[in-house]
Amino acid sequence: MPFTTLAWKLWALSVLALALKMLVLALLTSRQRLAKRVFASPEDYATQGMAEKRERDPDVERYRRAHRNDLENILPFFVVGAIYAATQPSALGAWLCLPGFALARVLHTVFYLRGAMPHRTLAYGYAYFATLWMILASAWSLVA
Amino acid sequence: MPFTTLAWKLWALSVLALALKMLVLALLTSRQRLAKRVFASPEDYATQGMAEKRERDPDVERYRRAHRNDLENILPFFVVGAIYAATQPSALGAWLCLPGFALARVLHTVFYLRGAMPHRTLAYGYAYFATLWMILASAWSLVA
Amino acid sequence: MPFTTLAWKLWALSVLALALKMLVLALLTSRQRLAKRVFASPEDYATQGMAEKRERDPDVERYRRAHRNDLENILPFFVVGAIYAATQPSALGAWLCLPGFALARVLHTVFYLRGAMPHRTLAYGYAYFATLWMILASAWSLVA
């Protein structure tokens, strides 16, 4: 097992948990498309034996916005978190920024899909500032 | 050459192949925009000496959907695959999950651009389950 | 400090700079949404005490296009750059491809938000060819 420090282990488990969360979100989006019978491509309508619709569905779009927000926030974390883990952070910092980020982003998806405000903004903000902290702490460690 | 195990080497080559595939898709999208004369920004129309259009083009949108699907699936793979490679998988697992994933995603793009169903869904599904497998196998290796 | 070679250090600092740039862009998008009073979700309008609007705002869409272009180009760079850094590139190559890429992508965002053409295309092109170079040089190093 090559992840020998606490920070590396927390990073790897956080990445895996969030990648799994994104796979689940993709599946829920497909389920929503099937339930609302709204698809992305003409050939998907053909597969369902339906005529093509051009309008979008607000519920499907909600899932897609949650997914795009994941791309904007979770994917940079995957690499920023690795650099942070490599700079030998404190145990407290590692717990708050790695599984802390992962938990905040799981909650962000739950709150987004339920339309829960301001909960969604709070979860977004925690993950945002954890990323900002990791960037600044890692840069300091690199240039100091 | 720092990639000393088979899994690391397969991971690195799979990432490079897929990053190249994404560069090609970006180029094909630009070619499609030029062919259909549909652009994303007002200044792009000005550069082409055209009046701005507001409607979207179905062919350009197809390329953009294929690209977004790559962001959702290939980019998480880049990091999940690295964690998986670090957990010393079997040679069979490494071949099926790393270049196997890459091949499935190259085919996914080809099938998406041609509107080939159910081929696109099969390619998507292979890559989806390869990612799921890498997440579960890596997590098991990390906590066991 | 674990980033012992020049290329690794330049890679890490380039990733951190670009991740920070993406956080700033997200913040600017929120500021633009508040200024134009155009939001993504019904509950965001409710939070602002407004009735929901369905139309999109061209300025908000410009920020979102710049952000999506980052997802398509910066996020693959994070991992391609790591593989390139691991293949012990020359100092010149490392400077041109790692902080050179980062600078080009910061300028890309500035030019995109200002609608500056052909500046935006030039910045995009530099980063595109730097990525292509890293892919080819790394692949050569891996198979040679």
# chains A, B, ... in the order shown; residues from 1 in each chain; ligands from 1

call {"tool": "residues_around", "arguments": {"residues": "stretch 73-83 of chain C", "least_positions_apart": "5", "cutoff": "7 Å", "atoms": "only C-alpha atoms", "output": "list of chain:residue names"}}
result
A:Pro76, A:Val79, B:Ala12, B:Leu16, B:Ala19, B:Leu75, B:Phe78, C:Trp11, C:Val15, C:Leu98, C:Thr131, C:Met134, C:Ile135, C:Ser138

call {"tool": "write_last_selection", "arguments": {"atoms": "N, CA and C atoms", "output": "PDB file, in the first residue's frame"}}
result
ATOM      1  N   PRO A  76     -10.625  20.320 -10.065  1.00  0.00           N
ATOM      2  CA  PRO A  76      -9.397  20.994  -9.606  1.00  0.00           C
ATOM      3  C   PRO A  76      -8.929  20.473  -8.244  1.00  0.00           C
ATOM      4  N   VAL A  79      -6.339  17.521  -8.005  1.00  0.00           N
ATOM      5  CA  VAL A  79      -4.905  17.768  -8.195  1.00  0.00           C
ATOM      6  C   VAL A  79      -4.359  18.720  -7.126  1.00  0.00           C
TER       7      VAL A  79
ATOM      8  N   ALA B  12      -0.082   6.189 -17.689  1.00  0.00           N
ATOM      9  CA  ALA B  12       0.457   7.392 -18.334  1.00  0.00           C
ATOM     10  C   ALA B  12       0.115   7.405 -19.822  1.00  0.00           C
ATOM     11  N   LEU B  16      -2.274  10.140 -21.801  1.00  0.00           N
ATOM     12  CA  LEU B  16      -1.766  10.907 -22.946  1.00  0.00           C
ATOM     13  C   LEU B  16      -2.639  10.692 -24.178  1.00  0.00           C
ATOM     14  N   ALA B  19      -5.902  12.616 -23.617  1.00  0.00           N
ATOM     15  CA  ALA B  19      -5.697  14.069 -23.717  1.00  0.00           C
ATOM     16  C   ALA B  19      -5.545  14.471 -25.183  1.00  0.00           C
ATOM     17  N   LEU B  75     -11.898  13.102 -17.246  1.00  0.00           N
ATOM     18  CA  LEU B  75     -11.092  13.853 -16.280  1.00  0.00           C
ATOM     19  C   LEU B  75     -11.060  13.175 -14.905  1.00  0.00           C
ATOM     20  N   PHE B  78      -8.500  10.357 -15.008  1.00  0.00           N
ATOM     21  CA  PHE B  78      -7.088  10.714 -14.934  1.00  0.00           C
ATOM     22  C   PHE B  78      -6.545  10.503 -13.517  1.00  0.00           C
TER      23      PHE B  78
ATOM     24  N   TRP C  11       5.656  22.708 -12.208  1.00  0.00           N
ATOM     25  CA  TRP C  11       4.337  22.105 -12.403  1.00  0.00           C
ATOM     26  C   TRP C  11       3.404  22.463 -11.245  1.00  0.00           C
ATOM     27  N   VAL C  15      -0.016  24.674 -11.495  1.00  0.00           N
ATOM     28  CA  VAL C  15      -1.331  24.141 -11.128  1.00  0.00           C
ATOM     29  C   VAL C  15      -1.986  25.041 -10.086  1.00  0.00           C
ATOM     30  N   LEU C  98       5.158  24.735 -18.742  1.00  0.00           N
ATOM     31  CA  LEU C  98       4.441  24.724 -17.454  1.00  0.00           C
ATOM     32  C   LEU C  98       4.052  26.154 -17.065  1.00  0.00           C
ATOM     33  N   THR C 131       0.333  21.896 -24.733  1.00  0.00           N
ATOM     34  CA  THR C 131      -0.224  20.608 -24.298  1.00  0.00           C
ATOM     35  C   THR C 131       0.140  19.516 -25.302  1.00  0.00           C
ATOM     36  N   MET C 134       3.717  18.525 -24.831  1.00  0.00           N
ATOM     37  CA  MET C 134       3.919  17.701 -23.631  1.00  0.00           C
ATOM     38  C   MET C 134       3.441  16.270 -23.840  1.00  0.00           C
ATOM     39  N   ILE C 135       2.306  16.113 -24.541  1.00  0.00           N
ATOM     40  CA  ILE C 135       1.787  14.770 -24.818  1.00  0.00           C
ATOM     41  C   ILE C 135       2.793  13.984 -25.661  1.00  0.00           C
ATOM     42  N   SER C 138       6.197  13.372 -23.810  1.00  0.00           N
ATOM     43  CA  SER C 138       6.053  12.391 -22.734  1.00  0.00           C
ATOM     44  C   SER C 138       5.871  10.987 -23.311  1.00  0.00           C
TER      45      SER C 138
END

call {"tool": "interface_residues", "arguments": {"of": "chain B", "to": "chain C", "cutoff": "9 Å", "atoms": "only C-alpha atoms", "output": "mmCIF file with C-alpha atoms, in the first residue's frame"}}
result
data_model
loop_
_atom_site.group_PDB
_atom_site.id
_atom_site.type_symbol
_atom_site.label_atom_id
_atom_site.label_comp_id
_atom_site.auth_asym_id
_atom_site.auth_seq_id
_atom_site.Cartn_x
_atom_site.Cartn_y
_atom_site.Cartn_z
ATOM 1 C CA MET B 1 12.006 6.894 -17.046
ATOM 2 C CA PRO B 2 10.096 7.149 -13.772
ATOM 3 C CA PHE B 3 7.063 4.966 -14.633
ATOM 4 C CA LYS B 9 3.147 2.971 -17.717
ATOM 5 C CA ALA B 12 0.457 7.392 -18.334
ATOM 6 C CA LEU B 13 -0.028 6.229 -21.933
ATOM 7 C CA VAL B 15 -3.906 9.609 -20.081
ATOM 8 C CA LEU B 16 -1.766 10.907 -22.946
ATOM 9 C CA ALA B 17 -3.894 9.147 -25.576
ATOM 10 C CA ALA B 19 -5.697 14.069 -23.717
ATOM 11 C CA LEU B 20 -4.706 13.914 -27.394
ATOM 12 C CA MET B 22 -9.675 15.708 -26.453
ATOM 13 C CA LEU B 23 -7.353 18.095 -28.342
ATOM 14 C CA ALA B 26 -11.616 20.622 -29.814
ATOM 15 C CA ALA B 40 -19.931 31.145 -29.493
ATOM 16 C CA SER B 41 -19.164 34.848 -29.019
ATOM 17 C CA PRO B 42 -20.088 38.129 -30.749
ATOM 18 C CA GLU B 43 -16.400 38.946 -31.376
ATOM 19 C CA ASP B 44 -16.025 35.617 -33.233
ATOM 20 C CA THR B 47 -13.672 38.284 -36.785
ATOM 21 C CA HIS B 67 -16.792 17.099 -25.257
ATOM 22 C CA ARG B 68 -18.795 17.708 -22.070
ATOM 23 C CA ASP B 70 -15.473 13.687 -21.841
ATOM 24 C CA LEU B 71 -15.113 16.246 -19.050
ATOM 25 C CA LEU B 75 -11.092 13.853 -16.280
ATOM 26 C CA PHE B 78 -7.088 10.714 -14.934
ATOM 27 C CA VAL B 79 -6.838 10.793 -11.118
#

call {"tool": "select_by_dssp", "arguments": {"residues": "chain B", "states": "alpha helix (DSSP H)", "output": "PyMOL selection string"}}
result
chain B and resi 6-36+42-47+58-86+91-97+99-114+119-143

call {"tool": "residues_around", "arguments": {"residues": "C:Asn69", "least_positions_apart": "6", "cutoff": "10 Å", "atoms": "only C-alpha atoms", "output": "PyMOL selection string"}}
result
chain C and resi 63+75+105+108-109+112+124

call {"tool": "write_last_selection", "arguments": {"atoms": "C-alpha atoms", "output": "compact mmCIF listing (two decimals), in the first residue's frame"}}
result
# COMPACT_ATOMS: atom_id res chain seq x y z
CA TYR C 63 -18.09 34.23 -18.07
CA LEU C 75 -7.95 20.35 -16.24
CA ARG C 105 -4.34 30.57 -19.83
CA HIS C 108 -6.92 33.69 -22.26
CA THR C 109 -9.39 34.46 -19.48
CA TYR C 112 -12.17 36.26 -23.23
CA TYR C 124 -5.58 29.59 -26.65

call {"tool": "residues_around", "arguments": {"residues": "stretch 31-37 of chain C", "least_positions_apart": "2", "cutoff": "12 Å", "atoms": "only C-alpha atoms", "output": "PyMOL selection string"}}
result
chain C and resi 24-29+39-41+44-64+113

call {"tool": "write_last_selection", "arguments": {"atoms": "N, CA, C and O atoms", "output": "compact mmCIF listing (two decimals), in the first residue's frame"}}
result
# COMPACT_ATOMS: atom_id res chain seq x y z
N VAL C 24 -11.08 32.55 -8.85
CA VAL C 24 -11.39 33.97 -9.08
C VAL C 24 -12.48 34.09 -10.15
O VAL C 24 -13.42 34.88 -10.00
N LEU C 25 -12.38 33.29 -11.20
CA LEU C 25 -13.38 33.35 -12.27
C LEU C 25 -14.77 32.98 -11.75
O LEU C 25 -15.78 33.60 -12.12
N ALA C 26 -14.83 31.97 -10.86
CA ALA C 26 -16.12 31.59 -10.27
C ALA C 26 -16.70 32.76 -9.48
O ALA C 26 -17.91 33.05 -9.53
N LEU C 27 -15.83 33.46 -8.75
CA LEU C 27 -16.27 34.60 -7.96
C LEU C 27 -16.76 35.73 -8.87
O LEU C 27 -17.80 36.35 -8.60
N LEU C 28 -16.04 35.99 -9.96
CA LEU C 28 -16.45 37.04 -10.90
C LEU C 28 -17.78 36.69 -11.55
O LEU C 28 -18.59 37.58 -11.83
N THR C 29 -18.02 35.40 -11.81
CA THR C 29 -19.30 34.99 -12.39
C THR C 29 -20.44 35.28 -11.42
O THR C 29 -21.49 35.80 -11.82
N PHE C 39 -29.91 34.47 -12.47
CA PHE C 39 -29.39 33.34 -11.71
C PHE C 39 -29.69 32.03 -12.42
O PHE C 39 -30.41 32.00 -13.42
N ALA C 40 -29.10 30.95 -11.88
CA ALA C 40 -29.21 29.67 -12.57
C ALA C 40 -30.43 28.87 -12.14
O ALA C 40 -30.97 28.09 -12.92
N SER C 41 -30.87 29.03 -10.88
CA SER C 41 -31.89 28.14 -10.33
C SER C 41 -33.06 28.93 -9.74
O SER C 41 -32.86 30.04 -9.24
N ASP C 44 -32.53 30.38 -6.34
CA ASP C 44 -31.64 31.55 -6.27
C ASP C 44 -32.46 32.83 -6.43
O ASP C 44 -32.19 33.84 -5.76
N TYR C 45 -33.45 32.79 -7.32
CA TYR C 45 -34.34 33.95 -7.46
C TYR C 45 -35.14 34.16 -6.17
O TYR C 45 -35.30 35.29 -5.71
N ALA C 46 -35.61 33.05 -5.58
CA ALA C 46 -36.36 33.17 -4.33
C ALA C 46 -35.49 33.79 -3.24
O ALA C 46 -35.95 34.66 -2.48
N THR C 47 -34.21 33.38 -3.14
CA THR C 47 -33.30 33.94 -2.15
C THR C 47 -33.14 35.45 -2.34
O THR C 47 -32.98 36.20 -1.37
N GLN C 48 -33.18 35.89 -3.62
CA GLN C 48 -33.05 37.32 -3.92
C GLN C 48 -34.40 38.05 -3.86
O GLN C 48 -34.46 39.25 -4.15
N GLY C 49 -35.45 37.30 -3.52
CA GLY C 49 -36.77 37.93 -3.48
C GLY C 49 -37.27 38.36 -4.84
O GLY C 49 -37.98 39.36 -4.98
N MET C 50 -36.89 37.62 -5.89
CA MET C 50 -37.27 37.98 -7.26
C MET C 50 -38.13 36.88 -7.89
O MET C 50 -38.03 35.72 -7.50
N ALA C 51 -38.92 37.27 -8.88
CA ALA C 51 -39.60 36.28 -9.71
C ALA C 51 -38.57 35.66 -10.66
O ALA C 51 -37.60 36.32 -11.05
N GLU C 52 -38.79 34.39 -11.02
CA GLU C 52 -37.82 33.71 -11.86
C GLU C 52 -37.82 34.27 -13.28
O GLU C 52 -38.88 34.56 -13.84
N LYS C 53 -36.61 34.43 -13.85
CA LYS C 53 -36.48 34.79 -15.26
C LYS C 53 -35.99 33.56 -16.02
O LYS C 53 -35.21 32.78 -15.50
N ARG C 54 -36.43 33.40 -17.25
CA ARG C 54 -35.97 32.27 -18.05
C ARG C 54 -34.89 32.64 -19.04
O ARG C 54 -34.14 31.80 -19.50
N GLU C 55 -34.81 33.91 -19.44
CA GLU C 55 -33.82 34.26 -20.45
C GLU C 55 -32.42 34.30 -19.83
O GLU C 55 -32.26 34.45 -18.61
N ARG C 56 -31.41 34.14 -20.67
CA ARG C 56 -30.03 34.18 -20.24
C ARG C 56 -29.46 35.58 -20.47
O ARG C 56 -29.99 36.34 -21.28
N ASP C 57 -28.39 35.88 -19.78
CA ASP C 57 -27.75 37.19 -19.93
C ASP C 57 -26.45 37.02 -20.71
O ASP C 57 -25.62 36.17 -20.37
N PRO C 58 -26.23 37.81 -21.77
CA PRO C 58 -25.02 37.61 -22.59
C PRO C 58 -23.71 37.77 -21.81
O PRO C 58 -22.74 37.08 -22.11
N ASP C 59 -23.69 38.65 -20.81
CA ASP C 59 -22.45 38.84 -20.05
C ASP C 59 -22.18 37.66 -19.13
O ASP C 59 -21.04 37.20 -19.01
N VAL C 60 -23.23 37.17 -18.48
CA VAL C 60 -23.05 35.98 -17.63
C VAL C 60 -22.60 34.80 -18.49
O VAL C 60 -21.71 34.04 -18.10
N GLU C 61 -23.23 34.65 -19.66
CA GLU C 61 -22.87 33.55 -20.55
C GLU C 61 -21.40 33.63 -20.99
O GLU C 61 -20.73 32.62 -21.14
N ARG C 62 -20.89 34.84 -21.17
CA ARG C 62 -19.48 35.02 -21.53
C ARG C 62 -18.57 34.46 -20.43
O ARG C 62 -17.63 33.72 -20.71
N TYR C 63 -18.88 34.77 -19.17
CA TYR C 63 -18.09 34.23 -18.07
C TYR C 63 -18.17 32.71 -18.04
O TYR C 63 -17.18 32.02 -17.78
N ARG C 64 -19.37 32.18 -18.31
CA ARG C 64 -19.54 30.73 -18.28
C ARG C 64 -18.79 30.05 -19.43
O ARG C 64 -18.25 28.95 -19.26
N LEU C 113 -12.90 37.62 -21.34
CA LEU C 113 -13.85 38.48 -20.63
C LEU C 113 -13.94 39.85 -21.31
O LEU C 113 -14.98 40.51 -21.24

call {"tool": "closest_residue", "arguments": {"among": "C:Val38, C:Ala85, C:Ala104, C:Ala7", "to": "C:Ala130", "atoms": "only C-alpha atoms"}}
result
C:Ala104

call {"tool": "atom_distance", "arguments": {"atom1": "atom CA of C:Phe101", "atom2": "atom CA of C:Ser14"}}
result
8.0 Å
